[in-house]
$ cat model10.txt   # compact mmCIF, C-alpha atoms (C1' of nucleotides)
# COMPACT_ATOMS: atom_id res chain seq x y z
CA MET N 1 -0.88 38.09 104.53
CA ASN N 2 0.10 41.56 105.63
CA ARG N 3 -1.48 43.62 102.92
CA PHE N 4 -4.54 45.79 102.89
CA LEU N 5 -6.88 44.13 100.41
CA GLY N 6 -10.53 44.03 99.55
CA HIS N 7 -13.28 46.25 100.82
CA VAL N 8 -15.89 46.13 103.56
CA THR N 9 -18.51 48.60 104.64
CA ASN N 10 -19.34 48.98 108.31
CA LYS N 11 -22.02 50.88 110.16
CA ILE N 12 -21.56 53.96 112.29
CA ASP N 13 -23.45 53.53 115.54
CA ALA N 14 -25.47 56.05 117.52
CA LYS N 15 -22.35 57.26 119.29
CA GLY N 16 -20.52 57.92 116.06
CA ARG N 17 -18.26 54.91 116.25
CA VAL N 18 -17.35 52.45 113.52
CA SER N 19 -15.42 49.19 113.67
CA VAL N 20 -12.18 49.08 111.73
CA PRO N 21 -12.22 45.71 109.91
CA ALA N 22 -10.44 43.14 112.04
CA HIS N 23 -8.16 42.17 109.20
CA PHE N 24 -6.94 45.71 108.74
CA ARG N 25 -6.49 46.09 112.46
CA SER N 26 -4.35 43.00 112.74
CA ILE N 27 -2.01 44.27 110.04
CA ILE N 28 -1.39 47.44 112.01
CA GLN N 29 -0.92 45.53 115.21
CA THR N 30 1.45 42.91 113.85
CA ALA N 31 3.51 45.81 112.51
CA GLY N 32 3.84 46.82 116.12
CA HIS N 33 1.64 49.90 116.10
CA THR N 34 -1.36 50.84 118.13
CA GLU N 35 -1.99 54.13 116.41
CA LEU N 36 -3.87 54.96 113.28
CA TYR N 37 -3.28 58.02 111.11
CA ALA N 38 -5.60 59.46 108.52
CA LEU N 39 -4.89 62.01 105.84
CA ARG N 40 -7.05 63.56 103.18
CA SER N 41 -6.55 61.81 99.92
CA LEU N 42 -5.03 64.12 97.34
CA HIS N 43 -7.36 63.56 94.42
CA LEU N 44 -10.24 61.64 95.92
CA PRO N 45 -13.06 62.26 98.40
CA ALA N 46 -11.55 59.66 100.68
CA LEU N 47 -9.19 59.34 103.59
CA ASP N 48 -5.90 57.49 103.42
CA ALA N 49 -5.25 55.68 106.65
CA GLY N 50 -2.59 53.46 108.11
CA GLY N 51 0.23 53.31 110.58
CA PRO N 52 2.61 56.15 111.42
CA GLU N 53 4.85 55.29 108.47
CA LEU N 54 2.07 56.57 106.28
CA LEU N 55 3.14 60.11 107.05
CA THR N 56 6.71 59.71 105.92
CA ARG N 57 5.63 57.90 102.79
CA PHE N 58 3.34 60.73 101.82
CA ASP N 59 6.01 63.31 102.49
CA LYS N 60 8.29 61.51 100.09
CA ARG N 61 5.68 61.43 97.44
CA LEU N 62 5.02 65.12 97.88
CA ASP N 63 8.70 65.92 97.50
CA SER N 64 8.91 64.20 94.18
CA GLU N 65 5.65 65.57 92.89
CA ASP N 66 6.94 68.91 91.64
CA PRO N 67 10.01 70.33 93.33
CA PHE N 68 9.58 73.80 91.84
CA ALA N 69 5.97 74.38 92.62
CA GLU N 70 5.50 76.33 95.78
CA THR N 71 2.33 74.32 96.27
CA SER N 72 4.44 71.54 97.71
CA ASP N 73 4.69 73.33 101.03
CA ASP N 74 1.06 74.26 100.89
CA MET N 75 0.13 70.68 100.19
CA SER N 76 2.22 69.43 103.04
CA PHE N 77 0.56 71.90 105.35
CA TYR N 78 -2.84 71.05 104.02
CA LEU N 79 -2.33 67.38 104.61
CA HIS N 80 -0.80 67.58 108.03
CA ALA N 81 -2.87 70.38 109.46
CA ASP N 82 -6.09 68.50 109.38
CA GLY N 83 -4.79 65.01 109.11
CA GLY N 84 -4.77 63.27 112.37
CA PHE N 85 -4.60 60.53 114.74
CA LEU N 86 -7.51 58.17 115.18
CA LYS N 87 -7.84 56.47 118.54
CA LEU N 88 -8.83 52.85 118.50
CA ASP N 89 -11.01 51.94 121.45
CA GLY N 90 -10.81 48.62 123.23
CA ASP N 91 -13.05 46.98 120.65
CA GLY N 92 -11.16 48.22 117.63
CA ARG N 93 -13.47 51.08 116.78
CA ILE N 94 -12.76 54.68 115.89
CA THR N 95 -15.08 57.64 116.31
CA VAL N 96 -15.87 59.39 113.07
CA THR N 97 -14.90 63.04 113.36
CA ASP N 98 -16.27 66.03 111.50
CA PHE N 99 -12.94 66.25 109.75
CA MET N 100 -13.64 62.88 108.19
CA ARG N 101 -17.22 63.65 107.30
CA GLU N 102 -16.40 66.92 105.62
CA HIS N 103 -13.85 65.57 103.23
CA THR N 104 -15.59 62.31 102.41
CA GLY N 105 -19.30 62.95 102.80
CA ILE N 106 -19.45 59.99 105.16
CA SER N 107 -22.69 59.95 107.15
CA SER N 108 -24.01 56.62 108.36
CA ASP N 109 -21.70 54.01 106.87
CA VAL N 110 -18.03 53.73 106.00
CA THR N 111 -16.44 51.66 103.28
CA PHE N 112 -12.94 50.50 104.11
CA ALA N 113 -10.95 49.81 100.96
CA GLY N 114 -7.54 48.15 100.85
CA ALA N 115 -4.70 49.91 99.04
CA ASN N 116 -1.86 47.47 99.65
CA THR N 117 0.33 49.49 101.99
CA HIS N 118 -2.53 51.41 103.55
CA PHE N 119 -6.29 51.62 103.29
CA GLN N 120 -8.94 54.16 102.46
CA MET N 121 -12.21 55.22 104.01
CA TRP N 122 -15.08 56.17 101.75
CA HIS N 123 -18.72 57.02 101.70
CA PRO N 124 -20.14 53.75 100.29
CA ASP N 125 -21.84 55.44 97.33
CA LYS N 126 -18.80 57.43 96.35
CA PHE N 127 -16.67 54.36 96.63
CA GLU N 128 -18.97 52.46 94.35
CA ALA N 129 -19.02 55.29 91.83
CA HIS N 130 -15.26 55.52 91.84
CA ARG N 131 -14.93 51.79 91.47
CA ALA N 132 -17.18 51.76 88.44
CA LYS N 133 -15.29 54.62 86.85
CA VAL N 134 -11.93 52.98 87.41
CA ARG N 135 -13.10 49.73 85.89
CA GLN N 136 -14.43 51.54 82.89
CA ARG N 137 -11.20 53.46 82.36
CA LEU N 138 -9.09 50.33 82.66
CA ALA N 139 -11.33 48.32 80.38
CA GLU N 140 -11.18 51.05 77.78
CA LYS N 141 -7.44 51.23 78.03
CA ARG N 142 -6.99 47.53 77.60
CA ARG N 143 -9.35 47.49 74.64
CA GLN N 144 -7.22 50.11 72.95
CA GLU N 145 -4.03 48.21 73.62
CA ASN N 146 -5.52 45.09 72.09
CA VAL N 147 -6.54 46.95 68.98
CA HIS N 148 -3.04 48.30 68.53
CA ALA N 149 -1.56 44.88 69.05
CA GLY N 150 -3.85 43.41 66.42
CA ASN N 151 -5.86 41.23 68.76
CA SER N 152 -9.56 41.73 68.54
CA MET J 1 1.73 19.32 86.20
CA ASN J 2 1.66 22.79 87.68
CA ARG J 3 -0.84 24.32 85.33
CA PHE J 4 -4.48 25.06 85.80
CA LEU J 5 -6.38 22.99 83.21
CA GLY J 6 -9.91 21.82 82.61
CA HIS J 7 -13.06 22.81 84.38
CA VAL J 8 -15.22 21.42 87.17
CA THR J 9 -18.33 22.69 88.86
CA ASN J 10 -18.83 22.18 92.58
CA LYS J 11 -21.71 22.80 94.95
CA ILE J 12 -21.98 25.52 97.54
CA ASP J 13 -23.20 24.00 100.80
CA ALA J 14 -25.65 25.38 103.33
CA LYS J 15 -22.91 27.32 105.04
CA GLY J 16 -21.79 29.02 101.88
CA ARG J 17 -18.69 26.97 101.31
CA VAL J 18 -17.40 25.36 98.15
CA SER J 19 -14.54 22.95 97.58
CA VAL J 20 -11.72 24.18 95.41
CA PRO J 21 -10.92 21.33 93.00
CA ALA J 22 -8.18 19.20 94.51
CA HIS J 23 -6.02 19.57 91.46
CA PHE J 24 -6.08 23.35 91.65
CA ARG J 25 -5.51 23.22 95.36
CA SER J 26 -2.43 21.08 95.10
CA ILE J 27 -0.83 23.60 92.77
CA ILE J 28 -1.35 26.33 95.29
CA GLN J 29 -0.32 24.25 98.25
CA THR J 30 2.87 22.88 96.73
CA ALA J 31 3.77 26.53 96.23
CA GLY J 32 3.43 26.80 100.00
CA HIS J 33 0.25 28.87 100.26
CA THR J 34 -2.98 28.43 102.15
CA GLU J 35 -4.95 31.23 100.59
CA LEU J 36 -6.09 32.42 97.21
CA TYR J 37 -6.00 35.81 95.63
CA ALA J 38 -9.13 36.57 93.64
CA LEU J 39 -9.81 39.52 91.39
CA ARG J 40 -12.98 40.64 89.62
CA SER J 41 -12.32 40.27 85.93
CA LEU J 42 -12.61 43.49 83.94
CA HIS J 43 -14.44 42.12 80.93
CA LEU J 44 -16.10 38.98 82.21
CA PRO J 45 -18.57 38.14 84.97
CA ALA J 46 -15.94 35.93 86.53
CA LEU J 47 -13.22 35.97 89.12
CA ASP J 48 -9.58 35.46 88.27
CA ALA J 49 -7.93 33.50 91.04
CA GLY J 50 -4.62 31.99 91.92
CA GLY J 51 -2.02 31.94 94.61
CA PRO J 52 -0.84 35.12 96.30
CA GLU J 53 1.96 35.32 93.75
CA LEU J 54 -0.70 36.30 91.25
CA LEU J 55 -1.01 39.59 93.06
CA THR J 56 2.75 39.91 93.23
CA ARG J 57 2.87 39.48 89.49
CA PHE J 58 0.39 42.28 89.02
CA ASP J 59 2.20 44.48 91.50
CA LYS J 60 5.38 44.13 89.53
CA ARG J 61 3.67 45.34 86.45
CA LEU J 62 2.39 48.26 88.47
CA ASP J 63 5.93 49.20 89.40
CA SER J 64 6.82 49.68 85.77
CA GLU J 65 4.04 52.21 85.30
CA ASP J 66 4.53 55.91 85.80
CA PRO J 67 3.54 56.28 89.45
CA PHE J 68 1.99 59.69 88.88
CA ALA J 69 -0.17 58.76 85.94
CA GLU J 70 -3.84 58.26 86.51
CA THR J 71 -3.57 54.74 85.15
CA SER J 72 -1.25 53.77 87.93
CA ASP J 73 -3.69 54.90 90.58
CA ASP J 74 -6.48 53.15 88.75
CA MET J 75 -4.56 49.91 88.52
CA SER J 76 -3.63 50.00 92.15
CA PHE J 77 -7.17 50.72 93.20
CA TYR J 78 -8.47 47.94 90.98
CA LEU J 79 -5.97 45.36 92.18
CA HIS J 80 -6.25 46.09 95.86
CA ALA J 81 -9.80 47.24 96.41
CA ASP J 82 -11.47 45.04 93.80
CA GLY J 83 -9.57 41.95 94.80
CA GLY J 84 -9.01 40.02 97.97
CA PHE J 85 -7.69 36.95 99.66
CA LEU J 86 -9.80 33.85 100.10
CA LYS J 87 -8.81 31.59 102.94
CA LEU J 88 -8.78 27.86 102.35
CA ASP J 89 -10.15 25.94 105.31
CA GLY J 90 -8.69 22.67 106.49
CA ASP J 91 -10.66 20.76 103.87
CA GLY J 92 -9.68 22.92 100.95
CA ARG J 93 -12.88 24.94 100.81
CA ILE J 94 -13.48 28.64 100.54
CA THR J 95 -16.55 30.52 101.67
CA VAL J 96 -18.31 32.35 98.88
CA THR J 97 -18.63 35.98 99.88
CA ASP J 98 -21.04 38.62 98.63
CA PHE J 99 -18.03 40.19 97.00
CA MET J 100 -17.90 37.16 94.72
CA ARG J 101 -21.61 36.75 94.18
CA GLU J 102 -22.18 40.33 93.13
CA HIS J 103 -19.76 40.28 90.28
CA THR J 104 -20.36 36.76 89.00
CA GLY J 105 -24.00 36.03 89.75
CA ILE J 106 -22.85 32.87 91.53
CA SER J 107 -25.61 31.45 93.72
CA SER J 108 -25.62 27.71 94.37
CA ASP J 109 -22.79 26.30 92.26
CA VAL J 110 -19.38 27.41 91.09
CA THR J 111 -17.55 26.43 87.91
CA PHE J 112 -13.79 26.39 88.28
CA ALA J 113 -12.06 26.84 84.94
CA GLY J 114 -8.34 26.48 84.41
CA ALA J 115 -6.52 29.29 82.63
CA ASN J 116 -2.96 28.02 82.61
CA THR J 117 -1.25 30.35 85.06
CA HIS J 118 -4.39 30.93 87.09
CA PHE J 119 -8.01 29.85 87.10
CA GLN J 120 -11.45 31.41 86.99
CA MET J 121 -14.63 31.06 88.97
CA TRP J 122 -17.94 31.31 87.17
CA HIS J 123 -21.63 30.84 87.51
CA PRO J 124 -22.07 27.52 85.63
CA ASP J 125 -24.56 28.93 83.13
CA LYS J 126 -22.51 31.98 82.35
CA PHE J 127 -19.44 29.86 81.94
CA GLU J 128 -21.23 27.61 79.48
CA ALA J 129 -22.51 30.58 77.52
CA HIS J 130 -19.09 32.12 77.43
CA ARG J 131 -17.50 28.87 76.36
CA ALA J 132 -19.94 28.49 73.49
CA LYS J 133 -19.32 32.03 72.35
CA VAL J 134 -15.56 31.63 72.44
CA ARG J 135 -15.73 28.43 70.47
CA GLN J 136 -17.91 30.09 67.89
CA ARG J 137 -15.56 33.05 67.58
CA LEU J 138 -12.60 30.75 67.08
CA ALA J 139 -14.39 28.69 64.46
CA GLU J 140 -15.35 31.85 62.66
CA LYS J 141 -11.82 33.12 62.72
CA ARG J 142 -10.43 29.90 61.36
CA ARG J 143 -13.00 29.86 58.60
CA GLN J 144 -11.93 33.33 57.55
CA GLU J 145 -8.28 32.42 57.58
CA ASN J 146 -8.95 29.41 55.41
CA VAL J 147 -10.82 31.55 52.91
CA HIS J 148 -7.89 33.95 52.69
CA ALA J 149 -5.46 31.09 52.29
CA GLY J 150 -7.50 29.62 49.51
CA ASN J 151 -8.53 26.48 51.38
CA SER J 152 -12.23 25.93 51.42
C1' DA I 1 -8.92 -10.07 85.41
C1' DT I 2 -11.34 -10.08 90.05
C1' DC I 3 -12.12 -8.62 94.28
C1' DG I 4 -11.20 -6.50 98.53
C1' DA I 5 -8.46 -3.06 101.08
C1' DT I 6 -6.98 1.67 101.03
C1' DA I 7 -6.68 6.47 99.77
C1' DT I 8 -8.68 10.65 98.01
C1' DC I 9 -12.30 13.66 97.24
C1' DA I 10 -16.66 16.42 97.54
C1' DT I 11 -20.06 17.30 100.73
C1' DG I 12 -22.49 17.74 105.31
C1' DG I 13 -22.69 19.26 109.99
C1' DG I 14 -21.19 20.40 115.17
C1' DG I 15 -19.29 23.72 117.87
C1' DC I 16 -16.08 27.19 119.53
C1' DA I 17 -13.99 31.78 118.91
C1' DC I 18 -14.04 36.04 117.05
C1' DT I 19 -16.25 40.10 115.05
C1' DA I 20 -19.46 43.83 114.41
C1' DT I 21 -22.74 46.22 116.74
C1' DG I 22 -25.49 48.02 120.61
C1' DG I 23 -25.65 49.92 125.01
C1' DG I 24 -24.36 51.16 130.17
C1' DC I 25 -21.83 54.00 133.15
C1' DG I 26 -18.31 56.62 134.95
C1' DT I 27 -14.97 60.89 134.16
C1' DC I 28 -13.78 65.29 132.77
C1' DA I 29 -14.49 69.75 130.93
C1' DA I 30 -17.43 73.45 129.18
C1' DT L 1 -25.90 69.88 133.91
C1' DT L 2 -24.85 68.37 129.57
C1' DG L 3 -22.33 66.30 126.27
C1' DA L 4 -18.03 64.15 124.48
C1' DC L 5 -15.16 60.42 125.39
C1' DG L 6 -13.01 56.58 127.85
C1' DC L 7 -13.74 51.77 129.38
C1' DC L 8 -16.66 47.81 130.12
C1' DC L 9 -20.06 44.16 128.97
C1' DA L 10 -23.87 41.69 126.09
C1' DT L 11 -25.35 39.46 121.90
C1' DA L 12 -26.25 37.90 117.27
C1' DG L 13 -23.97 36.54 113.36
C1' DT L 14 -19.97 34.81 110.89
C1' DG L 15 -15.69 32.49 110.21
C1' DC L 16 -12.92 28.68 111.02
C1' DC L 17 -11.50 24.18 113.00
C1' DC L 18 -12.66 19.47 113.43
C1' DC L 19 -14.82 15.08 112.26
C1' DA L 20 -18.28 12.01 109.51
C1' DT L 21 -20.10 9.97 105.25
C1' DG L 22 -20.54 8.24 100.73
C1' DA L 23 -18.69 8.10 96.17
C1' DT L 24 -14.79 7.26 93.31
C1' DA L 25 -10.30 6.06 92.24
C1' DT L 26 -5.92 3.35 93.30
C1' DC L 27 -3.51 -0.53 94.42
C1' DG L 28 -2.24 -5.43 95.73
C1' DA L 29 -2.83 -10.01 96.20
C1' DT L 30 -4.91 -13.95 94.59
$ encode --input "model10.txt" --output "structure tokens"
Amino acid sequence: MNRFLGHVTNKIDAKGRVSVPAHFRSIIQTAGHTELYALRSLHLPALDAGGPELLTRFDKRLDSEDPFAETSDDMSFYLHADGGFLKLDGDGRITVTDFMREHTGISSDVTFAGANTHFQMWHPDKFEAHRAKVRQRLAEKRRQENVHAGNS
Amino acid sequence: MNRFLGHVTNKIDAKGRVSVPAHFRSIIQTAGHTELYALRSLHLPALDAGGPELLTRFDKRLDSEDPFAETSDDMSFYLHADGGFLKLDGDGRITVTDFMREHTGISSDVTFAGANTHFQMWHPDKFEAHRAKVRQRLAEKRRQENVHAGNS
DNA sequence: ATCGATATCATGGGGCACTATGGGCGTCAA
DNA sequence: TTGACGCCCATAGTGCCCCATGATATCGAT
């Protein structure tokens, strides 16, 4: 199945390298790519990563975000200026750059989280916190919908 | 019969594997799949599982949401990061991952419970407790309805 | 209906391949 | 020289494929 799903956390070794989960790697490779791109996530302390098509997809999303705001250009610049290319070594590892650490707070471990068409890289604690918050918001929302529908 | 019905509890072996009930398996396999999609239930200490089309079904609902609303991001994160594929081995077993144990408390046995379009995986004790509670709630509800209808 | 043959299922275990992780050693540039 | 980075190899642990066993159900012939 060629989707990014689930989450795994891997260790950063003494040389600053971390293994990209084999499953994620194979998705990139079967898509015919050997390159990995990472961009700062817009609203989250995480990195969005994936194949080269990730860039074009994000551009599209930016375009439709708010055509009148001049921040669109700024955003585009912001994303692309620091976003970059991650080299996979022969064993499927990437070296964690300062760029990644700054935005995410990543230090000794990285949580890789699937996002269907791409994946994210998190500091494990922040990932867990976000996960809990999301669950809570969704649970609350569904509870409200049930109340309105008359199901208790 | 292509519906998930009834419940069975199976053992986890020394290697962390558990057999998916043959009846459930056949439903998945006749649909042409060799893996399961499992999701951590929002309200229950259980996993919702089914064929990969379960995820597709959820994804479709995602499409109808406003893509820029926070809920959409939350849903996507929940579906893709809090869920994953479980591979069926040649004998119809899956290996129970930490991902599953954390959320459900599953340790040595798994209760598979049919839920019509999909099924659930529980810790046997929690399943039993939940079942008792549900039955009690239903009985209570019926009692109330009878009172209102004048039947005693 | 009885009894034996056959199929299906849950469970156990062997063993190979792959993965994550650690580390060595050159190269190249500051 | 020193340190960052590329490429290579080693190893422990895990996942996955295959086969075995006993229990249960199914079926057929007598």
$ residues_around --input "model10.txt" --residues "Arg131 (chain J)" --least-positions-apart "3" --cutoff "12 Å" --atoms "only C-alpha atoms (C1' of nucleotides)" --output "list in words"
His7, Leu44, Thr111, Ala113, Trp122, Pro124, Asp125, Lys126, Phe127, Glu128, Val134, Arg135, Gln136, Arg137 and Leu138 of chain J
$ write_last_selection --input "model10.txt" --atoms "C-alpha atoms" --output "compact mmCIF listing (two decimals), in the coordinates of the input"
# COMPACT_ATOMS: atom_id res chain seq x y z
CA HIS J 7 -13.06 22.81 84.38
CA LEU J 44 -16.10 38.98 82.21
CA THR J 111 -17.55 26.43 87.91
CA ALA J 113 -12.06 26.84 84.94
CA TRP J 122 -17.94 31.31 87.17
CA PRO J 124 -22.07 27.52 85.63
CA ASP J 125 -24.56 28.93 83.13
CA LYS J 126 -22.51 31.98 82.35
CA PHE J 127 -19.44 29.86 81.94
CA GLU J 128 -21.23 27.61 79.48
CA VAL J 134 -15.56 31.63 72.44
CA ARG J 135 -15.73 28.43 70.47
CA GLN J 136 -17.91 30.09 67.89
CA ARG J 137 -15.56 33.05 67.58
CA LEU J 138 -12.60 30.75 67.08
$ atom_distance --input "model10.txt" --atom1 "CA of Gly6 (chain J)" --atom2 "CA of Pro45 (chain J)"
18.6 Å
$ interface_residues --input "model10.txt" --of "chain I" --to "chain J" --cutoff "8 Å" --atoms "all atoms listed in the file" --output "short mmCIF file (atom, residue, chain, number, x, y, z; two decimals) with C-alpha atoms (C1' of nucleotides), in the coordinates of the input"
data_model
loop_
_atom_site.label_atom_id
_atom_site.label_comp_id
_atom_site.auth_asym_id
_atom_site.auth_seq_id
_atom_site.Cartn_x
_atom_site.Cartn_y
_atom_site.Cartn_z
"C1'" DC I 9 -12.30 13.66 97.24
"C1'" DA I 10 -16.66 16.42 97.54
"C1'" DT I 11 -20.06 17.30 100.73
"C1'" DG I 12 -22.49 17.74 105.31
#
$ interface_residues --input "model10.txt" --of "chain J" --to "chain N" --cutoff "10 Å" --atoms "only C-alpha atoms" --output "number ranges by chain"
J: 35, 37-43, 52, 59, 67-68, 70-71, 73-85, 99
$ residues_around --input "model10.txt" --residues "DT30 (chain L)" --least-positions-apart "2" --cutoff "12 Å" --atoms "only C-alpha atoms (C1' of nucleotides)" --output "VMD selection string"
(chain I and resid 1 to 4) or (chain L and resid 28)
$ calpha_fit_and_write --input "model10.txt" --fixed "chain J" --moving "chain N" --output "short mmCIF file (atom, residue, chain, number, x, y, z; two decimals) with C-alpha atoms, keeping the file's coordinate frame"
data_model
loop_
_atom_site.label_atom_id
_atom_site.label_comp_id
_atom_site.auth_asym_id
_atom_site.auth_seq_id
_atom_site.Cartn_x
_atom_site.Cartn_y
_atom_site.Cartn_z
CA MET N 1 1.32 18.48 86.04
CA ASN N 2 1.39 21.79 87.86
CA ARG N 3 -0.91 23.81 85.69
CA PHE N 4 -4.44 24.97 86.18
CA LEU N 5 -6.42 23.25 83.44
CA GLY N 6 -9.95 22.28 82.64
CA HIS N 7 -13.10 23.31 84.41
CA VAL N 8 -15.35 21.89 87.10
CA THR N 9 -18.46 23.23 88.73
CA ASN N 10 -19.08 22.60 92.41
CA LYS N 11 -22.02 23.23 94.67
CA ILE N 12 -22.27 25.81 97.42
CA ASP N 13 -23.71 24.20 100.53
CA ALA N 14 -26.19 25.58 103.04
CA LYS N 15 -23.40 27.24 104.98
CA GLY N 16 -22.08 29.05 101.94
CA ARG N 17 -19.06 26.84 101.43
CA VAL N 18 -17.72 25.36 98.22
CA SER N 19 -14.96 22.83 97.62
CA VAL N 20 -11.98 24.05 95.65
CA PRO N 21 -11.23 21.26 93.14
CA ALA N 22 -8.64 18.93 94.63
CA HIS N 23 -6.41 19.26 91.61
CA PHE N 24 -6.26 23.01 91.91
CA ARG N 25 -5.65 22.74 95.62
CA SER N 26 -2.72 20.41 95.18
CA ILE N 27 -1.04 22.82 92.79
CA ILE N 28 -1.17 25.56 95.39
CA GLN N 29 0.06 23.26 98.09
CA THR N 30 2.95 21.76 96.15
CA ALA N 31 4.01 25.34 95.44
CA GLY N 32 4.33 25.65 99.18
CA HIS N 33 1.37 27.90 99.86
CA THR N 34 -1.61 27.51 102.10
CA GLU N 35 -3.26 30.75 101.15
CA LEU N 36 -5.53 31.63 98.30
CA TYR N 37 -5.98 35.10 96.84
CA ALA N 38 -8.81 36.31 94.67
CA LEU N 39 -9.04 39.45 92.60
CA ARG N 40 -11.75 40.82 90.37
CA SER N 41 -11.04 39.99 86.80
CA LEU N 42 -10.43 43.12 84.76
CA HIS N 43 -12.73 42.52 81.83
CA LEU N 44 -14.84 39.59 82.92
CA PRO N 45 -17.52 38.85 85.53
CA ALA N 46 -15.17 36.39 87.16
CA LEU N 47 -12.60 36.17 89.89
CA ASP N 48 -8.95 35.42 89.27
CA ALA N 49 -7.57 33.26 92.01
CA GLY N 50 -4.29 31.65 92.91
CA GLY N 51 -1.36 31.81 95.24
CA PRO N 52 0.20 34.98 96.64
CA GLU N 53 2.35 35.42 93.54
CA LEU N 54 -0.83 36.27 91.73
CA LEU N 55 -0.73 39.73 93.23
CA THR N 56 2.71 40.62 91.98
CA ARG N 57 1.93 39.25 88.55
CA PHE N 58 -1.12 41.44 88.26
CA ASP N 59 0.77 44.48 89.43
CA LYS N 60 3.27 43.94 86.66
CA ARG N 61 0.58 43.66 84.10
CA LEU N 62 -1.04 46.83 85.34
CA ASP N 63 2.24 48.72 85.08
CA SER N 64 2.66 47.84 81.46
CA GLU N 65 -0.95 48.45 80.56
CA ASP N 66 -0.73 52.20 80.04
CA PRO N 67 1.94 54.07 81.95
CA PHE N 68 0.45 57.50 81.26
CA ALA N 69 -3.10 56.84 82.21
CA GLU N 70 -3.85 57.89 85.72
CA THR N 71 -6.29 55.00 85.82
CA SER N 72 -3.38 52.71 86.58
CA ASP N 73 -3.38 53.78 90.21
CA ASP N 74 -7.13 53.63 90.33
CA MET N 75 -7.08 50.16 88.88
CA SER N 76 -4.51 49.01 91.36
CA PHE N 77 -6.60 50.37 94.18
CA TYR N 78 -9.73 48.87 92.75
CA LEU N 79 -8.17 45.46 92.52
CA HIS N 80 -6.50 45.39 95.88
CA ALA N 81 -9.14 47.13 97.92
CA ASP N 82 -11.71 44.46 97.48
CA GLY N 83 -9.52 41.62 96.44
CA GLY N 84 -8.77 39.33 99.24
CA PHE N 85 -7.66 36.33 100.95
CA LEU N 86 -9.76 33.20 100.92
CA LYS N 87 -9.34 30.83 103.83
CA LEU N 88 -9.29 27.16 103.02
CA ASP N 89 -10.89 25.09 105.74
CA GLY N 90 -9.64 21.67 106.75
CA ASP N 91 -11.53 20.02 103.91
CA GLY N 92 -10.30 22.34 101.20
CA ARG N 93 -13.37 24.52 101.04
CA ILE N 94 -13.76 28.28 100.94
CA THR N 95 -16.77 30.30 102.03
CA VAL N 96 -18.27 32.37 99.26
CA THR N 97 -18.33 36.00 100.33
CA ASP N 98 -20.61 38.79 99.18
CA PHE N 99 -17.62 40.31 97.47
CA MET N 100 -17.48 37.27 95.22
CA ARG N 101 -21.19 37.14 94.58
CA GLU N 102 -21.44 40.78 93.64
CA HIS N 103 -18.81 40.74 90.97
CA THR N 104 -19.64 37.35 89.49
CA GLY N 105 -23.34 36.81 90.07
CA ILE N 106 -22.48 33.51 91.73
CA SER N 107 -25.41 32.14 93.72
CA SER N 108 -25.66 28.40 94.20
CA ASP N 109 -22.84 26.92 92.14
CA VAL N 110 -19.32 27.89 91.17
CA THR N 111 -17.43 26.97 88.04
CA PHE N 112 -13.70 26.72 88.54
CA ALA N 113 -11.85 27.28 85.28
CA GLY N 114 -8.13 26.73 84.75
CA ALA N 115 -6.04 29.57 83.32
CA ASN N 116 -2.59 27.97 83.34
CA THR N 117 -0.87 30.02 86.03
CA HIS N 118 -4.02 30.67 88.01
CA PHE N 119 -7.70 29.84 87.87
CA GLN N 120 -11.01 31.63 87.66
CA MET N 121 -14.31 31.36 89.45
CA TRP N 122 -17.50 31.89 87.50
CA HIS N 123 -21.23 31.65 87.70
CA PRO N 124 -21.79 28.47 85.64
CA ASP N 125 -24.12 30.16 83.14
CA LYS N 126 -21.84 33.10 82.57
CA PHE N 127 -18.92 30.78 82.14
CA GLU N 128 -20.78 28.81 79.54
CA ALA N 129 -21.81 31.95 77.70
CA HIS N 130 -18.27 33.25 77.69
CA ARG N 131 -16.95 29.93 76.52
CA ALA N 132 -19.33 29.87 73.59
CA LYS N 133 -18.44 33.41 72.63
CA VAL N 134 -14.72 32.73 72.76
CA ARG N 135 -15.06 29.66 70.59
CA GLN N 136 -17.07 31.59 68.08
CA ARG N 137 -14.55 34.42 67.93
CA LEU N 138 -11.64 32.04 67.50
CA ALA N 139 -13.40 29.98 64.88
CA GLU N 140 -14.22 33.10 62.93
CA LYS N 141 -10.67 34.30 63.15
CA ARG N 142 -9.25 31.05 61.92
CA ARG N 143 -11.73 30.94 59.06
CA GLN N 144 -10.55 34.35 57.95
CA GLU N 145 -6.91 33.35 58.13
CA ASN N 146 -7.59 30.31 55.99
CA VAL N 147 -9.33 32.39 53.37
CA HIS N 148 -6.39 34.75 53.17
CA ALA N 149 -3.98 31.87 52.91
CA GLY N 150 -5.97 30.38 50.06
CA ASN N 151 -7.11 27.28 51.90
CA SER N 152 -10.81 26.73 51.86
#
$ interface_residues --input "model10.txt" --of "chain L" --to "chain J" --cutoff "12 Å" --atoms "all atoms listed in the file" --output "PDB file with C-alpha atoms (C1' of nucleotides), in the coordinates of the input"
ATOM      1  C1'  DT L  14     -19.970  34.810 110.890  1.00  0.00           C
ATOM      2  C1'  DG L  15     -15.690  32.490 110.210  1.00  0.00           C
ATOM      3  C1'  DC L  16     -12.920  28.680 111.020  1.00  0.00           C
ATOM      4  C1'  DC L  17     -11.500  24.180 113.000  1.00  0.00           C
ATOM      5  C1'  DC L  18     -12.660  19.470 113.430  1.00  0.00           C
ATOM      6  C1'  DC L  19     -14.820  15.080 112.260  1.00  0.00           C
TER       7       DC L  19
END
$ atom_distance --input "model10.txt" --atom1 "CA of Thr34 (chain N)" --atom2 "CA of Leu55 (chain N)"
15.1 Å
$ atom_distance --input "model10.txt" --atom1 "C1' of DC18 (chain I)" --atom2 "CA of Ile94 (chain J)"
18.1 Å
$ closest_residue --input "model10.txt" --among "L:DC7, L:DA12, L:DG22, L:DT2" --to "DA20 (chain I)" --atoms "only C-alpha atoms (C1' of nucleotides)"
L:DA12
